[in-house]
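Student: Input structure: upload-v8.pdb, which contains PDB, C-alpha atoms and all ligand atoms.
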```pdb
ATOM      1  CA  MET E   1      10.629   0.743  -5.486
ATOM      2  CA  TRP E   2      10.002  -0.652  -8.934
ATOM      3  CA  SER E   3      11.680  -3.928  -7.990
ATOM      4  CA  VAL E   4       9.700  -4.279  -4.743
ATOM      5  CA  HIS E   5       6.478  -3.321  -6.515
ATOM      6  CA  SER E   6       6.964  -5.805  -9.376
ATOM      7  CA  ARG E   7       8.073  -8.649  -7.129
ATOM      8  CA  ALA E   8       5.223  -8.052  -4.653
ATOM      9  CA  VAL E   9       2.610  -8.172  -7.414
ATOM     10  CA  GLU E  10       4.153 -11.267  -9.022
ATOM     11  CA  ALA E  11       4.548 -13.215  -5.783
ATOM     12  CA  LEU E  12       1.686 -12.004  -3.586
ATOM     13  CA  CYS E  13      -1.180 -11.150  -5.943
ATOM     14  CA  ARG E  14      -0.906 -14.323  -8.003
ATOM     15  CA  GLY E  15      -3.453 -16.231  -5.932
ATOM     16  CA  ALA E  16      -6.135 -13.580  -6.334
ATOM     17  CA  TYR E  17      -5.702 -12.676 -10.026
ATOM     18  CA  SER E  18      -5.223 -14.551 -13.282
ATOM     19  CA  ALA E  19      -1.792 -14.992 -14.865
ATOM     20  CA  GLN E  20      -2.786 -12.536 -17.615
ATOM     21  CA  GLU E  21      -3.902  -9.911 -15.093
ATOM     22  CA  VAL E  22      -0.655 -10.226 -13.127
ATOM     23  CA  ARG E  23       1.445 -10.099 -16.310
ATOM     24  CA  THR E  24      -0.329  -6.960 -17.583
ATOM     25  CA  TRP E  25      -0.079  -5.319 -14.147
ATOM     26  CA  VAL E  26       3.687  -5.917 -13.922
ATOM     27  CA  GLU E  27       4.339  -4.916 -17.543
ATOM     28  CA  LEU E  28       2.750  -1.518 -16.920
ATOM     29  CA  LEU E  29       5.139  -0.728 -14.046
ATOM     30  CA  ARG E  30       8.133   1.366 -15.110
ATOM     31  CA  PRO E  31      11.249   2.216 -13.048
ATOM     32  CA  GLU E  32      11.018   5.865 -14.112
ATOM     33  CA  GLY E  33       7.399   5.997 -12.926
ATOM     34  CA  TYR E  34       8.561   6.498  -9.314
ATOM     35  CA  LEU E  35      10.775   9.536  -9.869
ATOM     36  CA  ARG E  36       8.298  12.251 -10.762
ATOM     37  CA  PRO E  37       4.736  11.729  -9.611
ATOM     38  CA  ASP E  38       2.335  13.971 -11.535
ATOM     39  CA  LEU E  39       1.129  15.587  -8.326
ATOM     40  CA  PRO E  40       2.679  16.031  -4.881
ATOM     41  CA  ARG E  41       2.486  12.817  -2.933
ATOM     42  CA  THR E  42       3.885  11.440   0.295
ATOM     43  CA  VAL E  43       6.021   8.359  -0.179
ATOM     44  CA  LEU E  44       7.423   6.402   2.750
ATOM     45  CA  VAL E  45       9.897   3.612   2.290
ATOM     46  CA  ALA E  46      10.874   0.870   4.710
ATOM     47  CA  GLU E  47      14.518  -0.149   4.715
ATOM     48  CA  ARG E  48      16.317  -3.048   6.327
ATOM     49  CA  GLY E  49      19.934  -2.019   6.454
ATOM     50  CA  HIS E  50      20.478  -0.413   3.083
ATOM     51  CA  THR E  51      17.835  -2.480   1.334
ATOM     52  CA  LEU E  52      14.417  -1.103   0.472
ATOM     53  CA  VAL E  53      11.871  -3.683   1.643
ATOM     54  CA  GLY E  54       8.569  -1.834   1.243
ATOM     55  CA  PHE E  55       6.934   1.430   0.305
ATOM     56  CA  GLY E  56       3.641   3.249   0.513
ATOM     57  CA  GLN E  57       2.250   6.238  -1.344
ATOM     58  CA  LEU E  58      -0.351   8.603   0.023
ATOM     59  CA  ASP E  59      -2.313  11.618  -1.108
ATOM     60  CA  ALA E  60      -2.407  13.077   2.405
ATOM     61  CA  MET E  61      -4.859  15.867   1.670
ATOM     62  CA  LEU E  62      -7.399  13.500   0.173
ATOM     63  CA  GLY E  63      -6.654  10.692   2.616
ATOM     64  CA  GLU E  64      -6.180   8.317  -0.316
ATOM     65  CA  LEU E  65      -3.706   5.457   0.110
ATOM     66  CA  GLU E  66      -2.482   4.903  -3.440
ATOM     67  CA  ALA E  67       0.043   2.098  -2.954
ATOM     68  CA  LEU E  68       1.417  -0.245  -0.292
ATOM     69  CA  TYR E  69       3.827  -2.958  -1.325
ATOM     70  CA  VAL E  70       6.226  -5.152   0.640
ATOM     71  CA  ALA E  71       9.041  -7.307  -0.721
ATOM     72  CA  PRO E  72       7.912 -10.960  -0.771
ATOM     73  CA  GLU E  73      10.766 -12.101   1.476
ATOM     74  CA  GLU E  74       9.632  -9.613   4.174
ATOM     75  CA  VAL E  75       5.915 -10.355   4.095
ATOM     76  CA  GLY E  76       4.412 -11.232   7.470
ATOM     77  CA  THR E  77       7.146  -9.492   9.465
ATOM     78  CA  GLY E  78       5.207  -6.301  10.211
ATOM     79  CA  VAL E  79       6.637  -4.020   7.500
ATOM     80  CA  GLY E  80       3.239  -3.403   5.874
ATOM     81  CA  SER E  81       1.592  -2.610   9.211
ATOM     82  CA  ARG E  82       4.329  -0.157  10.199
ATOM     83  CA  LEU E  83       4.144   1.625   6.850
ATOM     84  CA  LEU E  84       0.355   1.815   7.033
ATOM     85  CA  GLU E  85       0.404   3.195  10.590
ATOM     86  CA  ALA E  86       2.938   5.863   9.618
ATOM     87  CA  LEU E  87       0.982   6.866   6.498
ATOM     88  CA  GLU E  88      -2.261   7.041   8.464
ATOM     89  CA  ALA E  89      -0.590   9.275  11.070
ATOM     90  CA  LEU E  90       0.540  11.624   8.283
ATOM     91  CA  ALA E  91      -2.943  11.725   6.765
ATOM     92  CA  TRP E  92      -4.602  12.487  10.109
ATOM     93  CA  ARG E  93      -2.024  15.193  10.758
ATOM     94  CA  ALA E  94      -2.766  16.705   7.320
ATOM     95  CA  GLY E  95      -6.410  16.962   8.334
ATOM     96  CA  ALA E  96      -7.895  13.950   6.562
ATOM     97  CA  ARG E  97     -10.997  12.580   8.282
ATOM     98  CA  MET E  98     -10.992   9.316   6.345
ATOM     99  CA  MET E  99      -8.454   7.043   4.754
ATOM    100  CA  ASN E 100      -9.678   5.512   1.516
ATOM    101  CA  LEU E 101      -8.099   2.875  -0.683
ATOM    102  CA  ASP E 102      -8.745   0.329  -3.396
ATOM    103  CA  ALA E 103      -7.546  -2.931  -1.856
ATOM    104  CA  SER E 104      -6.279  -5.755  -3.993
ATOM    105  CA  LEU E 105      -8.351  -8.872  -3.320
ATOM    106  CA  ASN E 106      -5.361 -10.520  -1.628
ATOM    107  CA  ALA E 107      -4.981  -7.570   0.749
ATOM    108  CA  GLU E 108      -8.593  -7.123   1.913
ATOM    109  CA  THR E 109      -8.091  -9.180   5.101
ATOM    110  CA  PHE E 110      -4.922  -7.238   5.940
ATOM    111  CA  TYR E 111      -6.797  -3.929   5.767
ATOM    112  CA  ARG E 112      -9.889  -5.258   7.534
ATOM    113  CA  SER E 113      -7.829  -6.337  10.529
ATOM    114  CA  ARG E 114      -6.407  -2.810  10.625
ATOM    115  CA  GLY E 115      -9.799  -1.127  10.943
ATOM    116  CA  TYR E 116     -10.834  -0.635   7.305
ATOM    117  CA  LEU E 117     -14.421  -1.345   6.269
ATOM    118  CA  ARG E 118     -15.444  -2.648   2.882
ATOM    119  CA  LEU E 119     -17.552  -0.083   1.004
ATOM    120  CA  HIS E 120     -18.133  -1.780  -2.340
ATOM    121  CA  ALA E 121     -16.530  -3.770  -5.119
ATOM    122  CA  ALA E 122     -14.417  -1.658  -7.473
ATOM    123  CA  ARG E 123     -12.262  -2.002 -10.580
ATOM    124  CA  ARG E 124      -8.808  -0.768 -11.449
ATOM    125  CA  ILE E 125      -8.530  -0.273 -15.209
ATOM    126  CA  LEU E 126      -5.166  -1.412 -16.553
ATOM    127  CA  THR E 127      -5.944  -1.640 -20.270
ATOM    128  CA  ALA E 128      -9.089  -1.836 -22.390
ATOM    129  CA  GLU E 129      -9.002  -5.612 -21.929
ATOM    130  CA  VAL E 130      -7.712  -5.961 -18.388
ATOM    131  CA  GLN E 131      -9.464  -4.549 -15.342
ATOM    132  CA  LEU E 132      -8.544  -5.688 -11.853
ATOM    133  CA  SER E 133     -11.278  -6.443  -9.352
ATOM    134  CA  CYS E 134     -10.577  -4.739  -6.068
ATOM    135  CA  VAL E 135     -12.430  -3.535  -2.993
ATOM    136  CA  ARG E 136     -13.063   0.073  -2.011
ATOM    137  CA  MET E 137     -12.308   0.372   1.720
ATOM    138  CA  GLN E 138     -12.400   3.166   4.252
ATOM    139  CA  LYS E 139     -11.232   3.927   7.775
ATOM    140  CA  ARG E 140     -12.430   6.824   9.887
ATOM    141  CA  ARG E 141      -9.873   8.910  11.754
ATOM    142  CA  PRO E 142      -9.779   7.667  15.353
ATOM    143  CA  ALA E 143     -10.697  10.277  17.953
ATOM    144  CA  LEU E 144      -7.223  10.134  19.502
ATOM    145  CA  ALA E 145      -5.299  10.380  16.245
ATOM    146  CA  LEU E 146      -5.058  14.166  15.949
ATOM    147  CA  GLY E 147      -1.561  15.316  16.799
ATOM    148  CA  GLU E 148      -0.416  11.761  17.353
ATOM    149  CA  GLY E 149       2.853  10.874  15.605
ATOM    150  CA  ARG E 150       4.374   7.444  15.292
ATOM    151  CA  GLY E 151       7.527   6.645  13.467
ATOM    152  CA  GLY E 152      10.152   3.961  13.585
ATOM    153  CA  GLY E 153      13.742   3.289  12.714
ATOM    154  CA  LEU E 154      12.713   1.205   9.709
ATOM    155  CA  LEU E 155      10.900   4.025   7.940
ATOM    156  CA  SER E 156      12.390   6.864   5.920
ATOM    157  CA  PRO E 157      10.475   9.627   4.198
ATOM    158  CA  ARG E 158      11.333  10.292   0.560
ATOM    159  CA  PRO E 159      11.159  13.880  -0.624
ATOM    160  CA  GLY E 160       8.475  14.643  -3.165
ATOM    161  CA  PRO E 161       9.206  16.125  -6.590
TER     162      PRO E 161
HETATM  163  C1  LIG Q 201      -0.632  -6.459   1.881
HETATM  164  C2  LIG Q 201       0.825  -6.244   2.302
HETATM  165  C3  LIG Q 201       1.213  -4.803   2.040
HETATM  166  C4  LIG Q 201       0.943  -6.550   3.790
HETATM  167  O1  LIG Q 201       2.296  -6.316   4.193
HETATM  168  P1  LIG Q 201       3.015  -7.235   5.299
HETATM  169  O2  LIG Q 201       4.338  -6.630   5.584
HETATM  170  O3  LIG Q 201       2.971  -8.637   4.931
HETATM  171  O4  LIG Q 201       2.059  -6.981   6.548
HETATM  172  P2  LIG Q 201       2.263  -7.440   8.051
HETATM  173  O5  LIG Q 201       3.445  -8.324   8.181
HETATM  174  O6  LIG Q 201       2.264  -6.188   8.850
HETATM  175  O7  LIG Q 201       0.929  -8.229   8.331
HETATM  176  C5  LIG Q 201       0.557  -9.317   7.492
HETATM  177  C6  LIG Q 201      -0.450 -10.239   8.156
HETATM  178  O8  LIG Q 201      -0.269 -11.537   7.577
HETATM  179  C7  LIG Q 201       0.277 -12.460   8.529
HETATM  180  N1  LIG Q 201       1.321 -13.300   7.939
HETATM  181  C8  LIG Q 201       2.191 -14.011   8.613
HETATM  182  N2  LIG Q 201       2.960 -14.699   7.794
HETATM  183  C9  LIG Q 201       2.599 -14.373   6.557
HETATM  184  C10 LIG Q 201       3.054 -14.761   5.288
HETATM  185  N3  LIG Q 201       4.056 -15.638   5.122
HETATM  186  N4  LIG Q 201       2.461 -14.234   4.221
HETATM  187  C11 LIG Q 201       1.457 -13.357   4.374
HETATM  188  N5  LIG Q 201       0.995 -12.956   5.565
HETATM  189  C12 LIG Q 201       1.550 -13.472   6.654
HETATM  190  C13 LIG Q 201       0.821 -11.548   9.575
HETATM  191  O9  LIG Q 201       0.877 -12.224  10.798
HETATM  192  C14 LIG Q 201      -0.225 -10.459   9.591
HETATM  193  O10 LIG Q 201      -1.423 -10.961  10.155
HETATM  194  P3  LIG Q 201      -2.508 -10.043  10.862
HETATM  195  O11 LIG Q 201      -3.199  -9.301   9.755
HETATM  196  O12 LIG Q 201      -3.415 -10.995  11.559
HETATM  197  O13 LIG Q 201      -1.751  -9.132  11.778
HETATM  198  C15 LIG Q 201       1.782  -7.201   1.563
HETATM  199  O14 LIG Q 201       1.347  -8.515   1.748
HETATM  200  C16 LIG Q 201       1.898  -6.930   0.063
HETATM  201  O15 LIG Q 201       2.746  -6.172  -0.375
HETATM  202  N6  LIG Q 201       1.024  -7.595  -0.737
HETATM  203  C17 LIG Q 201       1.085  -7.506  -2.190
HETATM  204  C18 LIG Q 201       0.733  -6.154  -2.698
HETATM  205  C19 LIG Q 201      -0.620  -5.717  -2.292
HETATM  206  O16 LIG Q 201      -1.599  -6.410  -2.463
HETATM  207  N7  LIG Q 201      -0.659  -4.494  -1.760
HETATM  208  C20 LIG Q 201      -1.880  -3.851  -1.415
HETATM  209  C21 LIG Q 201      -2.350  -3.059  -2.591
HETATM  210  S1  LIG Q 201      -3.849  -2.296  -2.147
END
```
Would you kindly transcribe this structure into structure tokens?
Ligand SMILES: CC(C)(COP(=O)(O)OP(=O)(O)OC[C@H]1O[C@@H](n2cnc3c(N)ncnc32)[C@H](O)[C@@H]1OP(=O)(O)O)[C@@H](O)C(=O)NCCC(=O)NCCS
Tutor:
Amino acid sequence: MWSVHSRAVEALCRGAYSAQEVRTWVELLRPEGYLRPDLPRTVLVAERGHTLVGFGQLDAMLGELEALYVAPEEVGTGVGSRLLEALEALAWRAGARMMNLDASLNAETFYRSRGYLRLHAARRILTAEVQLSCVRMQKRRPALALGEGRGGGLLSPRPGP
């Protein structure tokens, strides 16, 4: 997950953020940071064969999508959409009425075409000097979503801590 996360930020967020912002962002990621989240979270990973090609992290109770990253070589092949659909289905099943997220500037169009509305500009604080501009977005639970479950052979749940 750390490798996918770092490579996705380096390759895919470069156009939307400065070199210093990307460098700081990647430097703050730690391999051990994925093993024990502070609080229970739902993490789904996408695998092609035995290779992890994407992951998403959700606080299902709050309906907060905390991370969605796809390996650069897999971008545009539907991995992100499949992960997002599966995470949304889990959030709706957990009773969330809304999905909320802070979208990176490069990902706003991706989320908009999947039903998310822009609420307002936001900031993700990395350090005292570096704050990332992002966009607070929200999607309402569709009327038909309750009880609906979608999965796929590409996706595997990871147990929480
Ligand atoms: C945003 C992200 C998760 C999307 O994942 P993805 O697997 O590329 O998503 P999909 O393949 O399902 O859809 C990507 C869209 O880009 C299009 N696309 C096609 N080729 C593409 C390419 N080479 N590069 C980017 N997008 C491409 C797809 O057709 C699709 O278009 P649509 O929105 O009109 O359907 C992924 O780009 C990523 O990890 N970005 C960097 C990290 C990031 O910003 N994450 C979000 C944090 S909030």
Student: Scan for residues within 12 Å of the point (6.0, -9.4, -6.5) in the coordinates of the file, using all atoms listed in the file, and reply as a PyMOL selection string.
Tutor: chain E and resi 1-15+22-23+25-26+29+53-54+68-75
Student: Please report, as a tab-separated table, each residue of stretch 8-97 of chain E lying at most 9 Å from stretch 127-138 of chain E, together with the nearest pair of atoms and the separation in Å rounded to one decimal; use all atoms listed in the file, and order rows by chain and ascending residue number.
Tutor:
```
residue	atom	partner	partner_atom	distance
E:Tyr17	CA	E:Leu132	CA	7.8
E:Gln20	CA	E:Val130	CA	8.3
E:Glu21	CA	E:Val130	CA	6.4
E:Thr24	CA	E:Val130	CA	7.5
E:Trp25	CA	E:Val130	CA	8.8
```
Student: Out of E:Lys139, E:Ala122, E:Gly56, E:Arg97, which residue has the shortest atom-to-atom distance to ligand LIG 201 (chain Q) when counting all atoms listed in the file?
Tutor: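 So, comparing all the options, the nearest one is E:Gly56.
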Student: In Å, rounded to a single decimal, give me how far atom CA of E:Ala46 is from atom CA of E:Leu119.
Tutor: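 Atom-to-atom, atom CA of E:Leu119 to atom CA of E:Ala46, that is 28.7 Å.
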Student: Could you tell me which of E:Leu62, E:Ala143, E:Val45, E:Ala16 comes closest to E:Leu84 if we count all atoms listed in the file?
Tutor: E:Val45
Student: Enter the distance from atom N3 of ligand LIG 201 (chain Q) to atom CA of E:Gly78, in Å, rounded to one decimal.
Tutor: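 We find that atom N3 of ligand LIG 201 (chain Q) and atom CA of E:Gly78 lie 10.7 Å from each other.
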Student: Counting all atoms listed in the file, figure out which residue out of E:Ala91, E:Leu65, E:Ala60, E:Ala86 gets nearest to E:Leu44.
Tutor: E:Ala86
Student: With all atoms listed in the file as the basis for distance, which of E:Pro142, E:Gly95, E:Gly76, E:Pro31 is at the shortest distance from ligand LIG 201 (chain Q)?
Tutor: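 Once distances to ligand LIG 201 (chain Q) are computed over all atoms listed in the file, the minimum belongs to E:Gly76.
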